[in-house]
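K.L.:
Got a structure for you, query-v9.txt, holding compact mmCIF, C-alpha atoms and all ligand atoms.
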# COMPACT_ATOMS: atom_id res chain seq x y z
CA MET Q 223 0.00 0.00 0.00
CA ARG Q 224 2.87 2.31 0.91
CA GLU Q 225 4.34 1.79 -2.55
CA LYS Q 226 1.00 2.34 -4.28
CA ILE Q 227 0.56 5.67 -2.49
CA TRP Q 228 4.05 6.97 -3.24
CA ASN Q 229 3.77 5.79 -6.85
CA ALA Q 230 0.62 7.87 -7.21
CA VAL Q 231 2.46 10.87 -5.72
CA ASN Q 232 5.39 10.26 -8.07
CA ASN Q 233 3.11 10.20 -11.09
CA ALA Q 234 1.25 13.41 -10.23
CA GLY Q 235 2.24 16.99 -11.06
CA LYS Q 236 -0.45 18.82 -9.06
CA ILE Q 237 -1.25 17.35 -5.68
CA ALA Q 238 -4.05 18.52 -3.39
CA ILE Q 239 -4.18 17.51 0.27
CA CYS Q 240 -7.39 18.09 2.20
CA GLY Q 241 -8.97 17.27 5.55
CA HIS Q 242 -12.54 17.28 6.80
CA VAL Q 243 -14.92 20.13 7.56
CA ARG Q 244 -14.46 21.68 11.02
CA PRO Q 245 -10.86 20.38 11.18
CA ASP Q 246 -9.61 19.08 14.53
CA GLY Q 247 -6.04 18.56 15.78
CA ASP Q 248 -5.52 15.27 13.97
CA CYS Q 249 -6.92 16.67 10.75
CA VAL Q 250 -4.76 19.83 10.81
CA GLY Q 251 -1.72 17.88 12.08
CA SER Q 252 -1.88 15.14 9.45
CA CYS Q 253 -2.64 17.55 6.59
CA MET Q 254 0.16 19.94 7.50
CA ALA Q 255 2.66 17.13 8.11
CA LEU Q 256 1.95 15.46 4.75
CA TYR Q 257 1.95 18.83 2.98
CA MET Q 258 5.34 19.83 4.43
CA TYR Q 259 6.76 16.38 3.74
CA VAL Q 260 5.62 16.16 0.10
CA LYS Q 261 6.91 19.70 -0.57
CA LYS Q 262 10.25 18.70 0.89
CA ALA Q 263 10.52 15.27 -0.72
CA TYR Q 264 9.21 16.40 -4.13
CA PRO Q 265 10.32 20.02 -4.60
CA ASP Q 266 9.30 20.00 -8.27
CA LYS Q 267 5.65 19.27 -7.64
CA GLU Q 268 2.81 21.73 -7.10
CA VAL Q 269 1.36 20.89 -3.71
CA TYR Q 270 -1.76 22.45 -2.21
CA VAL Q 271 -3.29 22.03 1.22
CA TYR Q 272 -6.98 22.88 1.72
CA MET Q 273 -8.61 23.41 5.09
CA ASP Q 274 -11.41 25.66 6.12
CA GLY Q 275 -12.12 27.03 9.59
CA ILE Q 276 -8.86 26.03 11.27
CA PRO Q 277 -9.31 26.52 15.04
CA LYS Q 278 -7.19 29.36 16.44
CA VAL Q 279 -5.11 27.01 18.59
CA PHE Q 280 -3.70 25.35 15.47
CA GLU Q 281 -2.94 28.52 13.57
CA SER Q 282 0.69 28.57 14.70
CA MET Q 283 1.21 25.15 13.07
CA CYS Q 284 0.15 26.61 9.73
CA ARG Q 285 1.95 29.95 10.02
CA GLY Q 286 4.24 30.63 7.08
CA TYR Q 287 2.44 28.13 4.84
CA ASP Q 288 -0.10 28.84 2.16
CA VAL Q 289 -3.15 27.00 3.48
CA ILE Q 290 -5.97 27.43 0.99
CA THR Q 291 -9.42 28.08 2.36
CA ASP Q 292 -11.15 29.64 -0.61
CA TYR Q 293 -11.02 26.61 -2.91
CA ARG Q 294 -9.31 28.13 -5.88
CA ASP Q 295 -9.83 26.89 -9.39
CA VAL Q 296 -7.42 23.96 -9.27
CA SER Q 297 -7.85 20.60 -10.97
CA PRO Q 298 -5.39 18.34 -9.19
CA ASP Q 299 -3.87 15.24 -10.75
CA LEU Q 300 -3.94 13.66 -7.33
CA PHE Q 301 -6.25 14.42 -4.42
CA ILE Q 302 -5.35 13.05 -0.98
CA ALA Q 303 -8.18 13.12 1.58
CA LEU Q 304 -7.05 12.81 5.19
CA ASP Q 305 -9.04 11.89 8.30
CA CYS Q 306 -12.31 11.72 6.31
CA SER Q 307 -14.46 8.63 6.67
CA ASP Q 308 -16.64 9.61 3.72
CA SER Q 309 -16.29 12.08 0.86
CA GLU Q 310 -19.16 14.23 2.23
CA ARG Q 311 -16.83 15.14 5.10
CA LEU Q 312 -14.66 17.02 2.58
CA GLY Q 313 -17.30 19.77 2.45
CA ASP Q 314 -16.67 22.27 -0.37
CA ALA Q 315 -13.44 20.48 -1.35
CA ARG Q 316 -15.50 17.53 -2.58
CA GLU Q 317 -15.63 19.27 -5.98
CA TYR Q 318 -11.82 19.05 -6.25
CA PHE Q 319 -11.92 15.43 -5.17
CA ASP Q 320 -14.39 14.67 -7.98
CA ARG Q 321 -12.25 16.55 -10.49
CA ALA Q 322 -8.95 14.81 -9.66
CA ASP Q 323 -7.55 12.08 -11.91
CA VAL Q 324 -6.54 9.90 -8.97
CA THR Q 325 -7.84 9.99 -5.40
CA ILE Q 326 -6.35 8.61 -2.19
CA ASN Q 327 -8.16 8.23 1.14
CA ILE Q 328 -5.91 7.95 4.21
CA ASP Q 329 -7.76 7.57 7.49
CA HIS Q 330 -8.24 5.69 10.75
CA HIS Q 331 -12.04 5.68 11.14
CA ILE Q 332 -13.69 2.31 11.51
CA SER Q 333 -16.65 3.71 9.56
CA ASN Q 334 -14.53 4.57 6.48
CA LEU Q 335 -16.47 4.02 3.26
CA SER Q 336 -13.48 3.32 0.90
CA TYR Q 337 -14.62 6.12 -1.40
CA ALA Q 338 -11.33 6.77 -3.27
CA ASP Q 339 -9.25 5.00 -5.92
CA ILE Q 340 -6.66 4.07 -3.30
CA ASN Q 341 -8.00 3.49 0.22
CA HIS Q 342 -5.66 3.21 3.16
CA PHE Q 343 -7.46 3.23 6.48
CA MET Q 344 -6.09 1.68 9.60
CA ALA Q 345 -8.86 1.38 12.17
CA LYS Q 346 -6.39 0.29 14.86
CA SER Q 347 -4.26 3.43 14.53
CA SER Q 348 -4.78 6.16 17.10
CA SER Q 349 -5.00 8.89 14.52
CA THR Q 350 -4.53 9.77 10.87
CA SER Q 351 -1.28 11.41 11.99
CA GLU Q 352 -0.07 7.99 13.15
CA VAL Q 353 -1.07 6.45 9.79
CA ILE Q 354 0.84 9.23 8.00
CA TYR Q 355 3.93 8.73 10.17
CA GLU Q 356 4.07 5.08 9.08
CA LEU Q 357 4.14 6.19 5.44
CA LEU Q 358 7.03 8.64 5.80
CA ASP Q 359 10.75 8.17 5.50
CA GLU Q 360 12.11 8.92 9.00
CA ASN Q 361 15.15 10.69 7.52
CA LEU Q 362 12.99 13.37 5.93
CA ILE Q 363 10.99 14.16 9.08
CA ASP Q 364 12.05 17.54 10.52
CA LYS Q 365 11.00 19.48 13.61
CA ALA Q 366 7.96 21.13 11.97
CA ILE Q 367 6.68 17.84 10.52
CA ALA Q 368 7.28 16.11 13.87
CA ALA Q 369 5.39 18.84 15.76
CA ALA Q 370 2.41 18.57 13.39
CA LEU Q 371 2.22 14.76 13.74
CA TYR Q 372 2.67 15.01 17.50
CA THR Q 373 -0.20 17.51 17.75
CA GLY Q 374 -2.45 15.19 15.76
CA ILE Q 375 -1.65 12.16 17.91
CA ILE Q 376 -2.03 14.12 21.15
CA HIS Q 377 -5.47 15.37 20.15
CA ASP Q 378 -6.95 12.09 18.95
CA THR Q 379 -5.65 10.17 21.97
CA GLY Q 380 -6.68 12.78 24.58
CA VAL Q 381 -2.99 13.26 25.44
CA LEU Q 382 -2.12 9.56 25.07
CA GLN Q 383 -4.92 8.59 27.41
CA TYR Q 384 -7.67 6.90 25.36
CA SER Q 385 -7.68 3.19 24.59
CA ASN Q 386 -6.62 3.90 20.99
CA THR Q 387 -3.13 4.65 22.37
CA SER Q 388 -1.04 1.57 21.54
CA LYS Q 389 2.55 0.58 22.20
CA ARG Q 390 3.27 1.65 18.62
CA THR Q 391 1.65 5.06 19.26
CA LEU Q 392 4.04 5.61 22.16
CA GLU Q 393 7.03 4.44 20.10
CA ILE Q 394 6.10 6.94 17.39
CA VAL Q 395 5.65 9.71 19.95
CA GLY Q 396 9.08 8.81 21.34
CA ASN Q 397 10.61 9.13 17.87
CA LEU Q 398 8.88 12.48 17.32
CA LEU Q 399 10.23 13.81 20.65
CA ASP Q 400 13.75 13.13 19.34
CA HIS Q 401 13.21 16.05 16.95
CA GLY Q 402 13.26 18.49 19.87
CA ILE Q 403 9.64 19.59 19.59
CA PRO Q 404 8.15 21.73 22.41
CA SER Q 405 5.87 18.88 23.57
CA ASP Q 406 4.72 20.45 26.85
CA LYS Q 407 3.83 23.68 25.08
CA ILE Q 408 1.94 21.85 22.34
CA ILE Q 409 -0.13 19.95 24.92
CA ASP Q 410 -0.89 22.99 27.06
CA GLU Q 411 -1.50 25.52 24.33
CA THR Q 412 -3.47 23.37 21.91
CA PHE Q 413 -5.22 20.87 24.18
CA TYR Q 414 -5.79 22.07 27.73
CA GLN Q 415 -5.74 25.85 27.57
CA LYS Q 416 -9.17 27.50 27.48
CA THR Q 417 -10.19 31.12 27.52
CA TYR Q 418 -12.14 32.34 30.54
CA SER Q 419 -15.30 32.46 28.48
CA GLN Q 420 -14.74 28.92 27.10
CA ASN Q 421 -14.46 27.72 30.71
CA LEU Q 422 -17.73 29.44 31.59
CA LEU Q 423 -19.42 27.80 28.60
CA MET Q 424 -18.10 24.41 29.71
CA ALA Q 425 -19.44 25.02 33.22
CA ARG Q 426 -22.81 26.00 31.75
CA CYS Q 427 -23.00 22.83 29.62
CA VAL Q 428 -22.15 20.70 32.66
CA LEU Q 429 -24.75 22.60 34.70
CA GLU Q 430 -27.41 22.02 32.02
CA SER Q 431 -26.56 18.32 31.62
CA ARG Q 432 -29.12 15.65 32.49
CA MET Q 433 -28.80 11.94 33.16
CA TYR Q 434 -30.90 9.44 31.17
CA LEU Q 435 -31.31 5.69 30.65
CA GLY Q 436 -30.87 4.79 34.29
CA ASN Q 437 -27.97 7.21 34.71
CA ARG Q 438 -25.97 5.47 31.99
CA CYS Q 439 -26.26 8.34 29.53
CA ILE Q 440 -25.44 12.00 30.14
CA MET Q 441 -26.61 14.64 27.71
CA SER Q 442 -26.28 18.38 27.42
CA VAL Q 443 -27.49 20.77 24.75
CA ALA Q 444 -25.85 24.03 23.77
CA THR Q 445 -28.61 25.99 22.06
CA LYS Q 446 -27.91 28.97 19.85
CA ASP Q 447 -29.09 31.15 22.77
CA ILE Q 448 -26.48 29.66 25.09
CA LEU Q 449 -23.72 29.98 22.47
CA GLU Q 450 -24.69 33.62 21.92
CA GLU Q 451 -24.66 34.29 25.65
CA TYR Q 452 -20.98 33.32 25.76
CA ASN Q 453 -20.23 34.79 22.35
CA ALA Q 454 -19.11 31.30 21.41
CA THR Q 455 -18.56 29.39 18.19
CA THR Q 456 -18.51 25.62 17.62
CA GLU Q 457 -14.78 25.65 18.23
CA ASP Q 458 -15.37 26.81 21.81
CA LEU Q 459 -17.27 23.59 22.58
CA ASP Q 460 -14.20 21.47 21.97
CA GLY Q 461 -13.45 19.19 24.93
CA ILE Q 462 -16.78 19.64 26.72
CA VAL Q 463 -18.17 16.22 25.76
CA ASN Q 464 -14.98 14.68 27.18
CA ILE Q 465 -15.73 16.31 30.52
CA LEU Q 466 -19.27 14.84 30.45
CA ARG Q 467 -17.81 11.41 29.65
CA ILE Q 468 -15.84 11.18 32.90
CA THR Q 469 -19.04 11.28 34.95
CA LYS Q 470 -19.04 8.16 37.14
CA GLY Q 471 -21.34 5.39 35.93
CA VAL Q 472 -21.87 6.86 32.49
CA GLU Q 473 -21.54 4.64 29.37
CA CYS Q 474 -22.42 7.30 26.84
CA ALA Q 475 -21.97 11.08 26.86
CA VAL Q 476 -23.69 13.37 24.39
CA LEU Q 477 -23.21 17.04 23.65
CA MET Q 478 -25.54 18.51 21.07
CA HIS Q 479 -25.29 21.97 19.72
CA GLU Q 480 -27.77 23.83 17.64
CA THR Q 481 -26.26 24.68 14.26
CA LYS Q 482 -29.25 25.99 12.29
CA ILE Q 483 -32.73 27.21 13.17
CA ILE Q 484 -35.07 25.81 10.52
CA SER Q 485 -38.34 27.16 11.88
CA GLU Q 486 -39.11 29.06 15.05
CA GLY Q 487 -41.55 27.36 17.38
CA GLU Q 488 -44.65 29.00 18.77
CA ASP Q 489 -43.08 29.42 22.15
CA ILE Q 490 -39.39 30.23 21.63
CA SER Q 491 -38.52 29.76 25.30
CA GLU Q 492 -39.67 26.12 25.09
CA ASN Q 493 -37.30 25.21 22.22
CA SER Q 494 -40.33 24.03 20.26
CA GLY Q 495 -38.92 25.11 16.86
CA VAL Q 496 -37.26 22.81 14.35
CA SER Q 497 -33.47 23.06 14.28
CA GLU Q 498 -30.42 21.24 13.06
CA TYR Q 499 -28.19 19.83 15.79
CA LYS Q 500 -24.62 18.60 15.60
CA VAL Q 501 -24.34 15.60 17.89
CA SER Q 502 -21.05 14.72 19.53
CA MET Q 503 -20.82 11.39 21.38
CA ARG Q 504 -18.28 9.63 23.59
CA ALA Q 505 -18.39 6.10 24.99
CA ASN Q 506 -17.02 4.31 28.03
CA ASN Q 507 -16.40 0.60 28.56
CA ASP Q 508 -17.97 -1.52 25.78
CA MET Q 509 -20.40 1.06 24.43
CA ASP Q 510 -20.03 1.78 20.68
CA VAL Q 511 -21.20 5.27 19.71
CA SER Q 512 -20.15 4.86 16.06
CA ARG Q 513 -23.17 2.54 15.66
CA VAL Q 514 -25.47 5.29 16.89
CA ALA Q 515 -23.84 7.91 14.64
CA LEU Q 516 -24.16 5.64 11.59
CA MET Q 517 -27.94 5.39 12.15
CA TYR Q 518 -28.14 9.12 11.41
CA GLY Q 519 -25.67 9.32 8.52
CA GLY Q 520 -22.70 10.26 10.69
CA GLY Q 521 -19.67 8.26 11.65
CA GLY Q 522 -16.52 8.12 13.73
CA HIS Q 523 -14.94 5.66 16.10
CA ILE Q 524 -16.26 3.20 18.68
CA LYS Q 525 -15.49 5.66 21.49
CA ALA Q 526 -15.97 9.00 19.72
CA ALA Q 527 -18.49 9.64 16.98
CA GLY Q 528 -20.85 12.26 15.67
CA CYS Q 529 -23.75 13.00 13.37
CA THR Q 530 -26.20 15.73 12.44
CA MET Q 531 -29.90 15.55 13.32
CA THR Q 532 -32.89 17.73 12.56
CA GLY Q 533 -36.14 18.22 14.47
CA THR Q 534 -37.48 19.84 17.58
CA LEU Q 535 -35.19 19.45 20.56
CA GLU Q 536 -37.66 17.02 22.10
CA GLU Q 537 -37.86 14.88 18.96
CA VAL Q 538 -34.11 14.77 18.45
CA THR Q 539 -33.46 13.95 22.11
CA LYS Q 540 -36.08 11.20 22.12
CA LYS Q 541 -34.84 9.61 18.88
CA LEU Q 542 -31.21 9.75 19.93
CA LEU Q 543 -31.85 8.33 23.40
CA SER Q 544 -33.88 5.51 21.90
CA SER Q 545 -31.02 4.65 19.50
CA ILE Q 546 -28.44 4.85 22.28
CA ASN Q 547 -30.63 2.58 24.37
CA GLU Q 548 -30.97 0.11 21.48
CA VAL Q 549 -27.20 -0.07 20.91
CA MET Q 550 -26.46 -0.19 24.62
CA SER Q 551 -28.97 -2.99 25.18
CA SER Q 552 -27.57 -5.08 22.34
CA ILE Q 553 -24.00 -4.63 23.59
CA TYR Q 554 -24.65 -5.37 27.23
CA GLN Q 555 -26.81 -8.39 26.43
CA MET Q 556 -23.89 -9.86 24.55
CA VAL Q 557 -21.41 -9.45 27.39
P1 LIG O 601 -16.46 15.16 17.53
O1 LIG O 601 -17.47 14.68 18.49
O2 LIG O 601 -15.16 15.48 18.18
O3 LIG O 601 -16.98 16.20 16.60
O4 LIG O 601 -16.17 13.92 16.58
C1 LIG O 601 -15.76 12.67 17.09
C2 LIG O 601 -15.42 11.74 15.96
O5 LIG O 601 -16.56 11.46 15.18
C3 LIG O 601 -14.38 12.32 15.01
O6 LIG O 601 -13.45 11.31 14.74
C4 LIG O 601 -15.13 12.68 13.77
O7 LIG O 601 -14.38 12.43 12.65
C5 LIG O 601 -16.37 11.80 13.82
N1 LIG O 601 -17.55 12.57 13.38
C6 LIG O 601 -18.15 13.58 14.03
N2 LIG O 601 -19.19 14.04 13.33
C7 LIG O 601 -19.26 13.29 12.21
C8 LIG O 601 -20.14 13.29 11.06
O8 LIG O 601 -21.09 14.05 10.95
N3 LIG O 601 -19.88 12.36 10.10
C9 LIG O 601 -18.84 11.47 10.20
N4 LIG O 601 -18.66 10.61 9.20
N5 LIG O 601 -18.01 11.45 11.25
C10 LIG O 601 -18.21 12.35 12.24
MN MN O 602 -8.65 11.62 13.47
Please express what this file holds, its structure, as structure tokens.

P.N.:
Amino acid sequence: MREKIWNAVNNAGKIAICGHVRPDGDCVGSCMALYMYVKKAYPDKEVYVYMDGIPKVFESMCRGYDVITDYRDVSPDLFIALDCSDSERLGDAREYFDRADVTINIDHHISNLSYADINHFMAKSSSTSEVIYELLDENLIDKAIAAALYTGIIHDTGVLQYSNTSKRTLEIVGNLLDHGIPSDKIIDETFYQKTYSQNLLMARCVLESRMYLGNRCIMSVATKDILEEYNATTEDLDGIVNILRITKGVECAVLMHETKIISEGEDISENSGVSEYKVSMRANNDMDVSRVALMYGGGGHIKAAGCTMTGTLEEVTKKLLSSINEVMSSIYQMV
């Protein structure tokens, strides 16, 4: 597979690298690392990296590089999609994917749909950054590439904490540290640090959370009103569902946030209107939230998955809880 991928790179003149919509640490890290590497290893090729809405905390990783957000008129020979389980996740860049002569999909999501000409997804890898590391020639990895890969691995493993952290993940991290990267700074500044107002929003989401399904599911909803109150964007919600997940006894944690108001309800204060909600889920023990996400056209991993749902808050909550209950019941009957 390694050979097939590098052959495709060798044969292409114009190469586009792209991650998913609302890029996270692994997406930005893997895209930037591959971009820097291909530019270095193949100085004669035209290489483009596309990402839209890069969270502020990752901006320093991209500084000095021409990250394209406006989707210029480029028809690449080769399009490499990173960290995307399906081509819909490419958002506006999907057009460039469709236009490319050859497409490659490099990922680590169990729900990957093998949508490209060359599909390389390793469900056991902690992150796409880890998958990318395995494809690179160690001798060409420099400090900037190492820092980008490290950031990606740190984010998708919750600072090497989640069960997707393997012995190999730690070996790779060890090798990356040899490049003299500011590891403590990367962890603090991109993972843990929150603004005062982000902390207040987190506190509010925890305060508004409710327990369901015999206290095995915790759910909180950030409505547009709440987000406005804290002058917050989606990016500010990062990490909150992980805080909900560590509630004792919980198998499934859910954070929903309202992304679009479709129709106002009769009584606005009752949230009776129809809206679109982005659902973010985390699992403990044997629970598999990717199965729930897939029921609603989303995807992800066993322990972290997401989808988008539309309806009144009551409808969406009811449907989601019923699906979580169904998956949970089937899993715990089997054990
Ligand atoms: P988060 O809850 O942090 O947004 O996402 C957790 C995981 O689920 C990520 O790995 C992400 O790629 C995946 N995910 C979240 N939302 C969606 C979605 O709408 N579609 C797909 N395919 N995956 C998603
Ligand atoms: Mn990832």

K.L.:
Calculate how many Å separate atom CA of Leu362 of chain Q from atom CA of Asp288 of chain Q, rounding to one decimal.

P.N.:
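One can read the atom CA of Leu362 of chain Q to atom CA of Asp288 of chain Q distance as 20.6 Å.
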
K.L.:
Give as a compact mmCIF listing (two decimals) with C-alpha atoms, in the coordinates of the input the residues surrounding ligand MN 602 (chain O) up to a distance of 8 Å, considering all atoms listed in the file.

P.N.:
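Result file follows (selection.txt):
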# COMPACT_ATOMS: atom_id res chain seq x y z
CA ASP Q 246 -9.61 19.08 14.53
CA GLY Q 247 -6.04 18.56 15.78
CA ASP Q 248 -5.52 15.27 13.97
CA CYS Q 249 -6.92 16.67 10.75
CA ASP Q 305 -9.04 11.89 8.30
CA ASP Q 329 -7.76 7.57 7.49
CA HIS Q 330 -8.24 5.69 10.75
CA HIS Q 331 -12.04 5.68 11.14
CA SER Q 348 -4.78 6.16 17.10
CA SER Q 349 -5.00 8.89 14.52
CA THR Q 350 -4.53 9.77 10.87
CA SER Q 351 -1.28 11.41 11.99
CA GLY Q 374 -2.45 15.19 15.76
CA ASP Q 378 -6.95 12.09 18.95

K.L.:
Taking all atoms listed in the file and a cut-off of 7 Å, can you tell me which residues surround ligand LIG 601 (chain O), written as a list in words?

P.N.:
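The distance check yields Asp305, Cys306, Ser307, Asp308, Arg311, His331, Val501, Ser502, Met503, Gly519, Gly520, Gly521, Gly522, His523, Ala526, Ala527, Gly528, Cys529 and Thr530 of chain Q.
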
K.L.:
Please determine, counting all atoms listed in the file, which residue among Q:Ile354, Q:Ile237, Q:Met550, Q:Leu256 has the shortest atom-to-atom distance to Val296 of chain Q.

P.N.:
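Once distances to Val296 of chain Q are computed over all atoms listed in the file, the minimum belongs to Q:Ile237.
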
K.L.:
Nearest to Ala315 of chain Q: which of Q:Lys261, Q:His401, Q:Lys540, Q:His242 is it, counting all atoms listed in the file?

P.N.:
Q:His242

K.L.:
Out of Q:Asp292, Q:Asp359, Q:Met283, Q:Met424, which residue has the shortest atom-to-atom distance to Thr373 of chain Q when counting only C-alpha atoms?

P.N.:
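Closest residue, counting only C-alpha atoms: Q:Met283.
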
K.L.:
Measure the distance from atom CA of Pro404 of chain Q to atom CA of Ala369 of chain Q in Å and round it to one decimal.

P.N.:
7.8 Å

K.L.:
Can you tell me how far atom CA of Pro277 of chain Q sits from atom CA of Glu451 of chain Q, in Å to one decimal?

P.N.:
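These two atoms are separated by 20.2 Å.
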
K.L.:
As a PDB file with C-alpha atoms, in the frame of the given file, please: the residues near segment 406-415 of chain Q (cut-off 10 Å, only C-alpha atoms, same-chain neighbours under 4 positions excluded).

P.N.:
ATOM      1  CA  GLY Q 247      -6.040  18.560  15.780  1.00  0.00           C
ATOM      2  CA  PRO Q 277      -9.310  26.520  15.040  1.00  0.00           C
ATOM      3  CA  LYS Q 278      -7.190  29.360  16.440  1.00  0.00           C
ATOM      4  CA  VAL Q 279      -5.110  27.010  18.590  1.00  0.00           C
ATOM      5  CA  PHE Q 280      -3.700  25.350  15.470  1.00  0.00           C
ATOM      6  CA  GLU Q 281      -2.940  28.520  13.570  1.00  0.00           C
ATOM      7  CA  SER Q 282       0.690  28.570  14.700  1.00  0.00           C
ATOM      8  CA  MET Q 283       1.210  25.150  13.070  1.00  0.00           C
ATOM      9  CA  ALA Q 369       5.390  18.840  15.760  1.00  0.00           C
ATOM     10  CA  ALA Q 370       2.410  18.570  13.390  1.00  0.00           C
ATOM     11  CA  TYR Q 372       2.670  15.010  17.500  1.00  0.00           C
ATOM     12  CA  THR Q 373      -0.200  17.510  17.750  1.00  0.00           C
ATOM     13  CA  ILE Q 376      -2.030  14.120  21.150  1.00  0.00           C
ATOM     14  CA  HIS Q 377      -5.470  15.370  20.150  1.00  0.00           C
ATOM     15  CA  GLY Q 380      -6.680  12.780  24.580  1.00  0.00           C
ATOM     16  CA  VAL Q 381      -2.990  13.260  25.440  1.00  0.00           C
ATOM     17  CA  GLN Q 420     -14.740  28.920  27.100  1.00  0.00           C
ATOM     18  CA  ASN Q 421     -14.460  27.720  30.710  1.00  0.00           C
ATOM     19  CA  ASP Q 460     -14.200  21.470  21.970  1.00  0.00           C
ATOM     20  CA  GLY Q 461     -13.450  19.190  24.930  1.00  0.00           C
TER      21      GLY Q 461
END

K.L.:
Would you kindly identify which residues have an atom no farther than 12 Å from (3.1, 7.5, 5.3), using all atoms listed in the file and the file's own coordinates, and write them out as a PyMOL selection string?

P.N.:
chain Q and resi 223-228+231+252-253+255-257+259-260+302+304+328-329+342-344+350-360+362-363+371
